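Here the structure comes first, spelled out in structure tokens, and everything after it is commentary.
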Amino acid sequence: MFLQAEIAENPWEIEIPKFSKEEAPNCIVSESSFATLFPKYREAYLKECWPLVIKSLNEYGVKAELDLMEGSATVSTTKKAWDPYIIIKARDMVKLMARGVPYEHAVKVLDDNVASEVIKIGRLTSKRERYIKRRQRLIGPSGSTQKAIELLSDCYVLVQGNSVSAIGPYKGLQQVRKVVIDCIKNNIHPVYNIKALMIKRELAKDPKLKDENWERFLPKYEGKNVSKRAKPKKIRQKKEYTPFPPPQPESKLDQELASGEYAMKQKKEEKQSGKHKQKNNFVKNKGGPKAESFKNKKKVRFQETSKSPKMKKKKS
């Protein structure tokens with residue numbers, strides 16, 4: 001009962017029991033084989049370490065062949081093989097070595113508690129320049145970010161070409177995959193995930209916080225998509241479409257009539273026009289009626305003097 005309770009609480013800590021030859025007394029009936037192509041720059045290394053590959057696979061009853069002319073490596077089961085899943089492990093081992101993983105790390109895949117994963121990152125971004133920058137961000141300065149991911153996930157990580165190869169426990173592979181996809185596809189810096197892994201490791205040591213939610217302790221990432229395009233000062237908002245034409249705007253006269261300003265203006269104008277007329281009359285009749293009679297007398301006198309005989313003689 002104690003073992004069952006422990007297994008239910010910590011499923012990641014369960015060790016897979018080793019599959020021995022005694023458990024499968026009957027040999028494999030049918031043989032299966034897998035072939036993997038490798039690039040030319042890996043030819044010299046594979047040729048050098050191939051005897052070690054043959055030796056390690058012979059223990060499980062698997063045959064390994066290297067064809068330098070075609071550039072392929074083949075693994076196939078023999079009658080001595082007892083583990084039905086060992087051929088898949090041998091195929092993964094040869095694939096990893098073809099992708100640049102050294103033999104010392106690739107051999108670990110043959111263990112039951114260790115798995116491998118090749119994450120293809122070449123087509124996760126649309127632009128080549130963006131992809132190169134994010135891949136370099138995953139490696140870090142002088143490989144520091146890559147080393148931090150390895151230490152926190154207990155996995156071997158190799159970033160080469162358009163893929164990321166990882167070897168380690170199943171939980172560690174999940175963590176590596178999340179960091180890689182967040183970095184390349186979602187544009188989240190690996191530092192955020194590395195911080196989260198460090199905090200989780202420390203929280204797991206505390207027995208009080210084992211059953212609690214850890215989201216409040218983890219760093220939260222907020223994406224900032226800052227576009228370089230110049231934004232206009234006034235952003236026009238689209239109005240809702242209606243089949244009816246907009247109502248005709250009121251003129252100034254209609255607005256004045258509605259508010260009563262028009263009537264007030266007319267009264268003011270009438271008052272001003274009345275005052276103006278009074279002023280004009282006063283200017284014309286300066287000094288009143290007496291001044292007008294005096295002016296008329298002067299005109300009459302001037303006319304009489306102009307008609308006198310003395311003036312006529314002078315003219316003649």
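For the structure tokens, the naming scheme is as follows: chains receive sequential letters (A, B, ...) according to their order of presentation, residues are indexed from 1 within each chain, and ligands are indexed from 1 in presentation order.
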List every residue of segment 113-297 of chain A that DSSP, applied to the backbone of this structure, assigns to alpha helix (DSSP H), and report them as an mmCIF file with N, CA, C and O atoms, in the first residue's frame.
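Final file, selection04.cif:
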data_model
loop_
_atom_site.group_PDB
_atom_site.id
_atom_site.type_symbol
_atom_site.label_atom_id
_atom_site.label_comp_id
_atom_site.auth_asym_id
_atom_site.auth_seq_id
_atom_site.Cartn_x
_atom_site.Cartn_y
_atom_site.Cartn_z
ATOM 1 N N ARG A 128 13.846 34.129 -42.636
ATOM 2 C CA ARG A 128 15.117 33.475 -42.324
ATOM 3 C C ARG A 128 15.931 34.265 -41.294
ATOM 4 O O ARG A 128 16.527 33.683 -40.380
ATOM 5 N N GLU A 129 15.968 35.584 -41.428
ATOM 6 C CA GLU A 129 16.748 36.414 -40.495
ATOM 7 C C GLU A 129 16.205 36.296 -39.077
ATOM 8 O O GLU A 129 16.973 36.210 -38.102
ATOM 9 N N ARG A 130 14.888 36.296 -38.953
ATOM 10 C CA ARG A 130 14.260 36.153 -37.636
ATOM 11 C C ARG A 130 14.582 34.789 -37.025
ATOM 12 O O ARG A 130 14.842 34.686 -35.821
ATOM 13 N N TYR A 131 14.580 33.763 -37.848
ATOM 14 C CA TYR A 131 14.877 32.404 -37.374
ATOM 15 C C TYR A 131 16.310 32.310 -36.847
ATOM 16 O O TYR A 131 16.557 31.721 -35.789
ATOM 17 N N ILE A 132 17.275 32.914 -37.572
ATOM 18 C CA ILE A 132 18.689 32.856 -37.154
ATOM 19 C C ILE A 132 18.884 33.570 -35.818
ATOM 20 O O ILE A 132 19.610 33.095 -34.937
ATOM 21 N N LYS A 133 18.215 34.729 -35.641
ATOM 22 C CA LYS A 133 18.328 35.482 -34.387
ATOM 23 C C LYS A 133 17.780 34.682 -33.216
ATOM 24 O O LYS A 133 18.390 34.627 -32.143
ATOM 25 N N ARG A 134 16.634 34.052 -33.415
ATOM 26 C CA ARG A 134 16.003 33.295 -32.313
ATOM 27 C C ARG A 134 16.785 32.025 -32.001
ATOM 28 O O ARG A 134 16.850 31.615 -30.836
ATOM 29 N N ARG A 135 17.349 31.413 -33.015
ATOM 30 C CA ARG A 135 18.165 30.216 -32.762
ATOM 31 C C ARG A 135 19.417 30.584 -31.980
ATOM 32 O O ARG A 135 19.828 29.858 -31.059
ATOM 33 N N GLN A 136 20.031 31.733 -32.315
ATOM 34 C CA GLN A 136 21.202 32.194 -31.571
ATOM 35 C C GLN A 136 20.827 32.555 -30.141
ATOM 36 O O GLN A 136 21.613 32.349 -29.205
ATOM 37 N N ARG A 137 19.617 33.078 -29.955
ATOM 38 C CA ARG A 137 19.118 33.395 -28.610
ATOM 39 C C ARG A 137 18.984 32.124 -27.778
ATOM 40 O O ARG A 137 19.204 32.128 -26.562
ATOM 41 N N LEU A 138 18.616 31.019 -28.426
ATOM 42 C CA LEU A 138 18.470 29.731 -27.736
ATOM 43 C C LEU A 138 19.829 29.192 -27.278
ATOM 44 O O LEU A 138 19.927 28.572 -26.223
ATOM 45 N N ILE A 139 20.875 29.437 -28.070
ATOM 46 C CA ILE A 139 22.219 28.975 -27.710
ATOM 47 C C ILE A 139 22.810 29.880 -26.634
ATOM 48 O O ILE A 139 23.402 29.401 -25.666
ATOM 49 N N SER A 144 25.906 29.695 -23.114
ATOM 50 C CA SER A 144 25.484 29.749 -21.697
ATOM 51 C C SER A 144 24.009 29.373 -21.515
ATOM 52 O O SER A 144 23.657 28.657 -20.571
ATOM 53 N N THR A 145 23.136 29.835 -22.413
ATOM 54 C CA THR A 145 21.700 29.517 -22.307
ATOM 55 C C THR A 145 21.463 28.026 -22.523
ATOM 56 O O THR A 145 20.670 27.402 -21.804
ATOM 57 N N GLN A 146 22.152 27.461 -23.494
ATOM 58 C CA GLN A 146 22.025 26.025 -23.771
ATOM 59 C C GLN A 146 22.476 25.200 -22.567
ATOM 60 O O GLN A 146 21.840 24.201 -22.207
ATOM 61 N N LYS A 147 23.558 25.627 -21.930
ATOM 62 C CA LYS A 147 24.076 24.912 -20.754
ATOM 63 C C LYS A 147 23.097 25.001 -19.589
ATOM 64 O O LYS A 147 22.904 24.016 -18.843
ATOM 65 N N ALA A 148 22.455 26.165 -19.436
ATOM 66 C CA ALA A 148 21.482 26.329 -18.345
ATOM 67 C C ALA A 148 20.278 25.414 -18.546
ATOM 68 O O ALA A 148 19.777 24.815 -17.579
ATOM 69 N N ILE A 149 19.827 25.277 -19.789
ATOM 70 C CA ILE A 149 18.697 24.376 -20.096
ATOM 71 C C ILE A 149 19.080 22.929 -19.783
ATOM 72 O O ILE A 149 18.288 22.161 -19.242
ATOM 73 N N GLU A 150 20.318 22.560 -20.108
ATOM 74 C CA GLU A 150 20.797 21.193 -19.833
ATOM 75 C C GLU A 150 20.827 20.902 -18.337
ATOM 76 O O GLU A 150 20.418 19.824 -17.890
ATOM 77 N N LEU A 151 21.307 21.865 -17.545
ATOM 78 C CA LEU A 151 21.424 21.654 -16.100
ATOM 79 C C LEU A 151 20.050 21.547 -15.429
ATOM 80 O O LEU A 151 19.863 20.741 -14.508
ATOM 81 N N LEU A 152 19.092 22.347 -15.880
ATOM 82 C CA LEU A 152 17.769 22.362 -15.239
ATOM 83 C C LEU A 152 16.877 21.199 -15.675
ATOM 84 O O LEU A 152 16.016 20.767 -14.920
ATOM 85 N N SER A 153 17.074 20.727 -16.897
ATOM 86 C CA SER A 153 16.225 19.638 -17.404
ATOM 87 C C SER A 153 16.879 18.259 -17.318
ATOM 88 O O SER A 153 16.236 17.253 -17.623
ATOM 89 N N TYR A 170 12.050 11.592 -19.492
ATOM 90 C CA TYR A 170 10.833 12.021 -20.189
ATOM 91 C C TYR A 170 10.357 13.399 -19.729
ATOM 92 O O TYR A 170 9.919 14.217 -20.547
ATOM 93 N N LYS A 171 10.457 13.681 -18.447
ATOM 94 C CA LYS A 171 10.020 14.988 -17.943
ATOM 95 C C LYS A 171 10.938 16.092 -18.463
ATOM 96 O O LYS A 171 10.481 17.191 -18.828
ATOM 97 N N GLY A 172 12.246 15.803 -18.497
ATOM 98 C CA GLY A 172 13.202 16.784 -19.005
ATOM 99 C C GLY A 172 12.978 17.110 -20.476
ATOM 100 O O GLY A 172 13.120 18.260 -20.899
ATOM 101 N N LEU A 173 12.580 16.110 -21.264
ATOM 102 C CA LEU A 173 12.304 16.337 -22.690
ATOM 103 C C LEU A 173 11.105 17.261 -22.881
ATOM 104 O O LEU A 173 11.089 18.085 -23.799
ATOM 105 N N GLN A 174 10.107 17.132 -22.018
ATOM 106 C CA GLN A 174 8.948 18.040 -22.067
ATOM 107 C C GLN A 174 9.370 19.479 -21.815
ATOM 108 O O GLN A 174 8.922 20.406 -22.500
ATOM 109 N N GLN A 175 10.227 19.664 -20.834
ATOM 110 C CA GLN A 175 10.689 21.010 -20.492
ATOM 111 C C GLN A 175 11.527 21.612 -21.630
ATOM 112 O O GLN A 175 11.369 22.794 -21.966
ATOM 113 N N VAL A 176 12.394 20.796 -22.219
ATOM 114 C CA VAL A 176 13.231 21.287 -23.329
ATOM 115 C C VAL A 176 12.362 21.674 -24.515
ATOM 116 O O VAL A 176 12.582 22.721 -25.146
ATOM 117 N N ARG A 177 11.377 20.860 -24.820
ATOM 118 C CA ARG A 177 10.483 21.152 -25.959
ATOM 119 C C ARG A 177 9.731 22.466 -25.761
ATOM 120 O O ARG A 177 9.581 23.266 -26.679
ATOM 121 N N LYS A 178 9.269 22.708 -24.536
ATOM 122 C CA LYS A 178 8.536 23.945 -24.239
ATOM 123 C C LYS A 178 9.445 25.166 -24.420
ATOM 124 O O LYS A 178 9.037 26.175 -25.004
ATOM 125 N N VAL A 179 10.678 25.079 -23.929
ATOM 126 C CA VAL A 179 11.619 26.203 -24.049
ATOM 127 C C VAL A 179 11.928 26.492 -25.513
ATOM 128 O O VAL A 179 11.930 27.651 -25.948
ATOM 129 N N VAL A 180 12.147 25.446 -26.297
ATOM 130 C CA VAL A 180 12.525 25.603 -27.710
ATOM 131 C C VAL A 180 11.378 26.204 -28.517
ATOM 132 O O VAL A 180 11.571 27.164 -29.280
ATOM 133 N N ILE A 181 10.168 25.682 -28.360
ATOM 134 C CA ILE A 181 9.023 26.164 -29.152
ATOM 135 C C ILE A 181 8.635 27.584 -28.735
ATOM 136 O O ILE A 181 8.293 28.412 -29.579
ATOM 137 N N ASP A 182 8.713 27.886 -27.429
ATOM 138 C CA ASP A 182 8.416 29.254 -26.977
ATOM 139 C C ASP A 182 9.413 30.259 -27.539
ATOM 140 O O ASP A 182 9.049 31.387 -27.852
ATOM 141 N N CYS A 183 10.663 29.840 -27.654
ATOM 142 C CA CYS A 183 11.709 30.743 -28.159
ATOM 143 C C CYS A 183 11.565 30.966 -29.662
ATOM 144 O O CYS A 183 11.574 32.104 -30.129
ATOM 145 N N ILE A 184 11.451 29.885 -30.437
ATOM 146 C CA ILE A 184 11.467 29.986 -31.896
ATOM 147 C C ILE A 184 10.108 30.419 -32.440
ATOM 148 O O ILE A 184 10.025 31.298 -33.300
ATOM 149 N N PRO A 190 14.294 32.532 -23.754
ATOM 150 C CA PRO A 190 14.501 31.355 -22.877
ATOM 151 C C PRO A 190 14.741 31.696 -21.417
ATOM 152 O O PRO A 190 14.520 30.855 -20.541
ATOM 153 N N VAL A 191 15.154 32.935 -21.136
ATOM 154 C CA VAL A 191 15.426 33.328 -19.745
ATOM 155 C C VAL A 191 14.173 33.191 -18.880
ATOM 156 O O VAL A 191 14.253 32.787 -17.717
ATOM 157 N N TYR A 192 12.997 33.510 -19.432
ATOM 158 C CA TYR A 192 11.750 33.419 -18.661
ATOM 159 C C TYR A 192 11.470 31.975 -18.249
ATOM 160 O O TYR A 192 11.105 31.694 -17.098
ATOM 161 N N ASN A 193 11.641 31.044 -19.196
ATOM 162 C CA ASN A 193 11.415 29.627 -18.881
ATOM 163 C C ASN A 193 12.490 29.071 -17.951
ATOM 164 O O ASN A 193 12.207 28.204 -17.116
ATOM 165 N N ILE A 194 13.718 29.550 -18.103
ATOM 166 C CA ILE A 194 14.809 29.109 -17.213
ATOM 167 C C ILE A 194 14.525 29.557 -15.777
ATOM 168 O O ILE A 194 14.717 28.800 -14.819
ATOM 169 N N LYS A 195 14.055 30.807 -15.618
ATOM 170 C CA LYS A 195 13.685 31.300 -14.278
ATOM 171 C C LYS A 195 12.566 30.452 -13.672
ATOM 172 O O LYS A 195 12.600 30.114 -12.488
ATOM 173 N N ALA A 196 11.578 30.118 -14.513
ATOM 174 C CA ALA A 196 10.449 29.309 -14.030
ATOM 175 C C ALA A 196 10.920 27.926 -13.591
ATOM 176 O O ALA A 196 10.470 27.412 -12.552
ATOM 177 N N LEU A 197 11.833 27.321 -14.329
ATOM 178 C CA LEU A 197 12.361 26.001 -13.960
ATOM 179 C C LEU A 197 13.154 26.057 -12.653
ATOM 180 O O LEU A 197 13.074 25.142 -11.823
ATOM 181 N N MET A 198 13.906 27.144 -12.462
ATOM 182 C CA MET A 198 14.675 27.301 -11.212
ATOM 183 C C MET A 198 13.748 27.453 -10.014
ATOM 184 O O MET A 198 13.980 26.860 -8.946
ATOM 185 N N ILE A 199 12.686 28.246 -10.193
ATOM 186 C CA ILE A 199 11.730 28.450 -9.085
ATOM 187 C C ILE A 199 11.001 27.148 -8.762
ATOM 188 O O ILE A 199 10.785 26.810 -7.596
ATOM 189 N N LYS A 200 10.607 26.397 -9.797
ATOM 190 C CA LYS A 200 9.921 25.115 -9.583
ATOM 191 C C LYS A 200 10.797 24.129 -8.842
ATOM 192 O O LYS A 200 10.329 23.371 -7.979
ATOM 193 N N ARG A 201 12.081 24.126 -9.166
ATOM 194 C CA ARG A 201 13.011 23.207 -8.487
ATOM 195 C C ARG A 201 13.102 23.536 -7.001
ATOM 196 O O ARG A 201 13.160 22.632 -6.146
ATOM 197 N N GLU A 202 13.130 24.835 -6.671
ATOM 198 C CA GLU A 202 13.211 25.226 -5.262
ATOM 199 C C GLU A 202 11.890 24.952 -4.527
ATOM 200 O O GLU A 202 11.897 24.563 -3.357
ATOM 201 N N LEU A 203 10.767 25.182 -5.216
ATOM 202 C CA LEU A 203 9.462 24.950 -4.575
ATOM 203 C C LEU A 203 9.205 23.465 -4.326
ATOM 204 O O LEU A 203 8.515 23.102 -3.370
ATOM 205 N N ALA A 204 9.747 22.612 -5.199
ATOM 206 C CA ALA A 204 9.556 21.169 -5.038
ATOM 207 C C ALA A 204 10.239 20.644 -3.765
ATOM 208 O O ALA A 204 9.826 19.618 -3.208
ATOM 209 N N LYS A 205 11.257 21.362 -3.289
ATOM 210 C CA LYS A 205 11.961 20.933 -2.074
ATOM 211 C C LYS A 205 11.146 21.204 -0.812
ATOM 212 O O LYS A 205 11.353 20.554 0.211
ATOM 213 N N LYS A 252 -27.779 77.355 -40.008
ATOM 214 C CA LYS A 252 -27.625 78.300 -38.905
ATOM 215 C C LYS A 252 -28.950 79.001 -38.596
ATOM 216 O O LYS A 252 -29.270 79.281 -37.434
ATOM 217 N N LEU A 253 -29.702 79.303 -39.657
ATOM 218 C CA LEU A 253 -30.986 79.972 -39.471
ATOM 219 C C LEU A 253 -31.966 79.089 -38.687
ATOM 220 O O LEU A 253 -32.650 79.582 -37.775
ATOM 221 N N ASP A 254 -31.981 77.792 -39.026
ATOM 222 C CA ASP A 254 -32.867 76.872 -38.289
ATOM 223 C C ASP A 254 -32.470 76.779 -36.828
ATOM 224 O O ASP A 254 -33.338 76.722 -35.937
ATOM 225 N N GLN A 255 -31.148 76.744 -36.583
ATOM 226 C CA GLN A 255 -30.671 76.670 -35.200
ATOM 227 C C GLN A 255 -31.025 77.927 -34.413
ATOM 228 O O GLN A 255 -31.412 77.857 -33.243
ATOM 229 N N GLU A 256 -30.910 79.091 -35.082
ATOM 230 C CA GLU A 256 -31.253 80.351 -34.408
ATOM 231 C C GLU A 256 -32.757 80.455 -34.132
ATOM 232 O O GLU A 256 -33.173 80.950 -33.086
ATOM 233 N N LEU A 257 -33.550 79.974 -35.080
ATOM 234 C CA LEU A 257 -34.996 79.985 -34.870
ATOM 235 C C LEU A 257 -35.416 79.058 -33.733
ATOM 236 O O LEU A 257 -36.319 79.375 -32.953
ATOM 237 N N ALA A 258 -34.741 77.900 -33.650
ATOM 238 C CA ALA A 258 -35.062 76.931 -32.585
ATOM 239 C C ALA A 258 -34.676 77.455 -31.216
ATOM 240 O O ALA A 258 -35.384 77.254 -30.230
ATOM 241 N N SER A 259 -33.558 78.147 -31.134
ATOM 242 C CA SER A 259 -33.073 78.653 -29.842
ATOM 243 C C SER A 259 -33.650 80.015 -29.478
ATOM 244 O O SER A 259 -33.573 80.433 -28.323
ATOM 245 N N GLU A 261 -32.649 82.916 -30.877
ATOM 246 C CA GLU A 261 -31.643 83.962 -31.107
ATOM 247 C C GLU A 261 -32.029 84.866 -32.284
ATOM 248 O O GLU A 261 -31.655 86.034 -32.331
ATOM 249 N N TYR A 262 -32.748 84.297 -33.221
ATOM 250 C CA TYR A 262 -33.108 85.068 -34.427
ATOM 251 C C TYR A 262 -33.984 86.273 -34.059
ATOM 252 O O TYR A 262 -33.782 87.398 -34.536
ATOM 253 N N ALA A 263 -34.977 86.048 -33.206
ATOM 254 C CA ALA A 263 -35.865 87.127 -32.777
ATOM 255 C C ALA A 263 -35.115 88.189 -31.986
ATOM 256 O O ALA A 263 -35.338 89.398 -32.146
ATOM 257 N N MET A 264 -34.182 87.748 -31.134
ATOM 258 C CA MET A 264 -33.379 88.689 -30.345
ATOM 259 C C MET A 264 -32.507 89.554 -31.247
ATOM 260 O O MET A 264 -32.354 90.759 -31.012
ATOM 261 N N LYS A 265 -31.943 88.970 -32.283
ATOM 262 C CA LYS A 265 -31.100 89.713 -33.212
ATOM 263 C C LYS A 265 -31.905 90.793 -33.952
ATOM 264 O O LYS A 265 -31.429 91.911 -34.153
ATOM 265 N N GLN A 266 -33.116 90.427 -34.362
ATOM 266 C CA GLN A 266 -33.964 91.384 -35.090
ATOM 267 C C GLN A 266 -34.293 92.597 -34.211
ATOM 268 O O GLN A 266 -34.272 93.746 -34.671
ATOM 269 N N LYS A 267 -34.616 92.332 -32.961
ATOM 270 C CA LYS A 267 -34.917 93.432 -32.032
ATOM 271 C C LYS A 267 -33.713 94.353 -31.857
ATOM 272 O O LYS A 267 -33.844 95.584 -31.849
ATOM 273 N N LYS A 268 -32.536 93.748 -31.737
ATOM 274 C CA LYS A 268 -31.316 94.544 -31.587
ATOM 275 C C LYS A 268 -31.077 95.402 -32.821
ATOM 276 O O LYS A 268 -30.688 96.577 -32.731
ATOM 277 N N GLU A 269 -31.270 94.801 -33.994
ATOM 278 C CA GLU A 269 -31.062 95.531 -35.248
ATOM 279 C C GLU A 269 -32.045 96.709 -35.376
ATOM 280 O O GLU A 269 -31.676 97.800 -35.836
ATOM 281 N N GLU A 270 -33.292 96.494 -34.974
ATOM 282 C CA GLU A 270 -34.295 97.577 -35.029
ATOM 283 C C GLU A 270 -33.909 98.722 -34.103
ATOM 284 O O GLU A 270 -34.017 99.909 -34.465
ATOM 285 N N LYS A 271 -33.457 98.369 -32.909
ATOM 286 C CA LYS A 271 -33.025 99.408 -31.960
ATOM 287 C C LYS A 271 -31.837 100.190 -32.507
ATOM 288 O O LYS A 271 -31.780 101.403 -32.437
ATOM 289 N N GLN A 272 -30.851 99.464 -33.050
ATOM 290 C CA GLN A 272 -29.653 100.127 -33.593
ATOM 291 C C GLN A 272 -29.986 101.010 -34.791
ATOM 292 O O GLN A 272 -29.461 102.116 -34.937
ATOM 293 N N SER A 273 -30.891 100.551 -35.673
ATOM 294 C CA SER A 273 -31.288 101.350 -36.847
ATOM 295 C C SER A 273 -32.023 102.629 -36.418
ATOM 296 O O SER A 273 -31.824 103.714 -36.975
ATOM 297 N N GLY A 274 -32.862 102.534 -35.350
ATOM 298 C CA GLY A 274 -33.563 103.723 -34.840
ATOM 299 C C GLY A 274 -32.598 104.742 -34.291
ATOM 300 O O GLY A 274 -32.704 105.950 -34.559
ATOM 301 N N LYS A 275 -31.603 104.345 -33.544
ATOM 302 C CA LYS A 275 -30.589 105.247 -32.994
ATOM 303 C C LYS A 275 -29.777 105.899 -34.105
ATOM 304 O O LYS A 275 -29.433 107.077 -34.050
ATOM 305 N N HIS A 276 -29.486 105.128 -35.136
ATOM 306 C CA HIS A 276 -28.671 105.627 -36.248
ATOM 307 C C HIS A 276 -29.402 106.755 -37.005
ATOM 308 O O HIS A 276 -28.810 107.771 -37.383
ATOM 309 N N LYS A 277 -30.700 106.602 -37.196
ATOM 310 C CA LYS A 277 -31.509 107.616 -37.874
ATOM 311 C C LYS A 277 -31.533 108.909 -37.064
ATOM 312 O O LYS A 277 -31.412 110.019 -37.601
ATOM 313 N N GLN A 278 -31.690 108.797 -35.753
ATOM 314 C CA GLN A 278 -31.694 109.973 -34.889
ATOM 315 C C GLN A 278 -30.377 110.735 -34.973
ATOM 316 O O GLN A 278 -30.356 111.968 -35.032
ATOM 317 N N LYS A 279 -29.276 110.022 -35.021
ATOM 318 C CA LYS A 279 -27.959 110.655 -35.117
ATOM 319 C C LYS A 279 -27.808 111.415 -36.444
ATOM 320 O O LYS A 279 -27.287 112.518 -36.507
ATOM 321 N N ASN A 280 -28.253 110.791 -37.532
ATOM 322 C CA ASN A 280 -28.152 111.416 -38.867
ATOM 323 C C ASN A 280 -28.972 112.698 -38.936
ATOM 324 O O ASN A 280 -28.519 113.729 -39.486
ATOM 325 N N ASN A 281 -30.162 112.655 -38.347
ATOM 326 C CA ASN A 281 -31.017 113.851 -38.321
ATOM 327 C C ASN A 281 -30.370 114.968 -37.521
ATOM 328 O O ASN A 281 -30.420 116.154 -37.886
ATOM 329 N N PHE A 282 -29.727 114.592 -36.421
ATOM 330 C CA PHE A 282 -29.082 115.594 -35.574
ATOM 331 C C PHE A 282 -27.890 116.253 -36.290
ATOM 332 O O PHE A 282 -27.662 117.449 -36.179
ATOM 333 N N VAL A 283 -27.148 115.436 -37.052
ATOM 334 C CA VAL A 283 -25.981 115.961 -37.785
ATOM 335 C C VAL A 283 -26.432 116.926 -38.894
ATOM 336 O O VAL A 283 -25.835 117.982 -39.129
ATOM 337 N N LYS A 284 -27.501 116.553 -39.593
ATOM 338 C CA LYS A 284 -28.016 117.419 -40.669
ATOM 339 C C LYS A 284 -28.543 118.746 -40.104
ATOM 340 O O LYS A 284 -28.284 119.813 -40.634
ATOM 341 N N PRO A 289 -33.556 124.555 -35.558
ATOM 342 C CA PRO A 289 -34.225 125.287 -36.638
ATOM 343 C C PRO A 289 -33.689 126.701 -36.842
ATOM 344 O O PRO A 289 -33.690 127.223 -37.930
ATOM 345 N N LYS A 290 -33.184 127.363 -35.772
ATOM 346 C CA LYS A 290 -32.637 128.715 -35.883
ATOM 347 C C LYS A 290 -31.426 128.732 -36.801
ATOM 348 O O LYS A 290 -31.233 129.646 -37.599
ATOM 349 N N ALA A 291 -30.603 127.745 -36.677
ATOM 350 C CA ALA A 291 -29.392 127.667 -37.521
ATOM 351 C C ALA A 291 -29.764 127.520 -38.977
ATOM 352 O O ALA A 291 -29.145 128.137 -39.861
ATOM 353 N N GLU A 292 -30.835 126.785 -39.257
ATOM 354 C CA GLU A 292 -31.282 126.615 -40.649
ATOM 355 C C GLU A 292 -31.764 127.947 -41.240
ATOM 356 O O GLU A 292 -31.435 128.294 -42.375
ATOM 357 N N SER A 293 -32.532 128.763 -40.487
ATOM 358 C CA SER A 293 -33.056 130.059 -40.971
ATOM 359 C C SER A 293 -31.920 131.040 -41.223
ATOM 360 O O SER A 293 -31.931 131.810 -42.186
ATOM 361 N N PHE A 294 -30.861 130.971 -40.377
ATOM 362 C CA PHE A 294 -29.704 131.865 -40.543
ATOM 363 C C PHE A 294 -28.957 131.536 -41.828
ATOM 364 O O PHE A 294 -28.530 132.420 -42.576
ATOM 365 N N LYS A 295 -28.820 130.285 -42.125
ATOM 366 C CA LYS A 295 -28.144 129.854 -43.351
ATOM 367 C C LYS A 295 -28.921 130.276 -44.591
ATOM 368 O O LYS A 295 -28.355 130.734 -45.585
ATOM 369 N N ASN A 296 -30.234 130.177 -44.512
ATOM 370 C CA ASN A 296 -31.082 130.555 -45.650
ATOM 371 C C ASN A 296 -30.967 132.043 -45.937
ATOM 372 O O ASN A 296 -30.957 132.488 -47.091
ATOM 373 N N LYS A 297 -30.910 132.905 -44.865
ATOM 374 C CA LYS A 297 -30.779 134.359 -45.031
ATOM 375 C C LYS A 297 -29.472 134.708 -45.724
ATOM 376 O O LYS A 297 -29.408 135.591 -46.573
#
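For segment 39-44 of chain A, the list of residues within 7 Å, based on only C-alpha atoms and with local chain neighbours fewer than 3 positions off taken out, reads A:Lys47, A:Glu48, A:Ala98.
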Write the residues of the selection above to a file with all heavy atoms, as a PDB file, in the first residue's frame.
ATOM      1  N   LYS A  47      32.789   6.597 -39.189  1.00  0.00           N
ATOM      2  CA  LYS A  47      33.734   5.534 -39.539  1.00  0.00           C
ATOM      3  C   LYS A  47      34.670   5.239 -38.368  1.00  0.00           C
ATOM      4  O   LYS A  47      35.044   4.076 -38.112  1.00  0.00           O
ATOM      5  CB  LYS A  47      34.534   5.974 -40.767  1.00  0.00           C
ATOM      6  CG  LYS A  47      35.384   4.866 -41.364  1.00  0.00           C
ATOM      7  CD  LYS A  47      36.116   5.388 -42.595  1.00  0.00           C
ATOM      8  CE  LYS A  47      37.018   4.312 -43.189  1.00  0.00           C
ATOM      9  NZ  LYS A  47      37.757   4.824 -44.379  1.00  0.00           N
ATOM     10  N   GLU A  48      35.025   6.279 -37.625  1.00  0.00           N
ATOM     11  CA  GLU A  48      35.950   6.127 -36.499  1.00  0.00           C
ATOM     12  C   GLU A  48      35.297   5.420 -35.315  1.00  0.00           C
ATOM     13  O   GLU A  48      35.916   4.549 -34.676  1.00  0.00           O
ATOM     14  CB  GLU A  48      36.430   7.523 -36.079  1.00  0.00           C
ATOM     15  CG  GLU A  48      37.514   7.502 -35.007  1.00  0.00           C
ATOM     16  CD  GLU A  48      37.943   8.890 -34.592  1.00  0.00           C
ATOM     17  OE1 GLU A  48      37.588   9.868 -35.293  1.00  0.00           O
ATOM     18  OE2 GLU A  48      38.614   8.999 -33.556  1.00  0.00           O
ATOM     19  N   ALA A  98      23.806  10.704 -36.654  1.00  0.00           N
ATOM     20  CA  ALA A  98      23.810  11.326 -37.979  1.00  0.00           C
ATOM     21  C   ALA A  98      23.551  12.830 -37.893  1.00  0.00           C
ATOM     22  O   ALA A  98      23.990  13.585 -38.762  1.00  0.00           O
ATOM     23  CB  ALA A  98      22.760  10.666 -38.864  1.00  0.00           C
TER      24      ALA A  98
END
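Among the candidate residues A:Ala81, A:Ile167, A:Val109, A:Met93, the one lying nearest to Glu22 of chain A is A:Ala81, with distances computed using only C-alpha atoms.
Excluding Glu65 of chain A itself and same-chain residues fewer than 5 positions from it, the residues having an atom within 9 Å of it are A:Trp50, A:Ile54, A:Ser72, A:Ala73, A:Thr74, A:Val75, A:Ser76, counting only C-alpha atoms.
From atom CA of Phe34 of chain A back to atom CA of Met69 of chain A, the distance works out to 17.4 Å.
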Quiz prompt | Selection near Leu110 of chain A, 6 Å with only C-alpha atoms, sequence-local residues under 2 positions removed, as a ChimeraX atom specification | solution = /A:89,107-108
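With distances restricted to only C-alpha atoms, A:Val118 is the closest residue to Leu96 of chain A from A:Val118, A:Cys155, A:Leu68, A:Leu209.
For the choices A:His105, A:Asn213, A:Gly122, A:Gly140, the atom-to-atom distance to Gly168 of chain A is smallest for A:His105 when using only C-alpha atoms.
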Quiz prompt | Exercise: Asn113 of chain A partners within 7 Å, only C-alpha atoms, chain neighbours under 3 positions left out, as a PyMOL selection string | solution = chain A and resi 15-16+169
Exercise. Would you list, as a ChimeraX atom specification, the residues of segment 91-235 of chain A that end up in strand (DSSP E or B) under DSSP run on this structure's backbone?
Key: /A:115-120,156-160,163-168
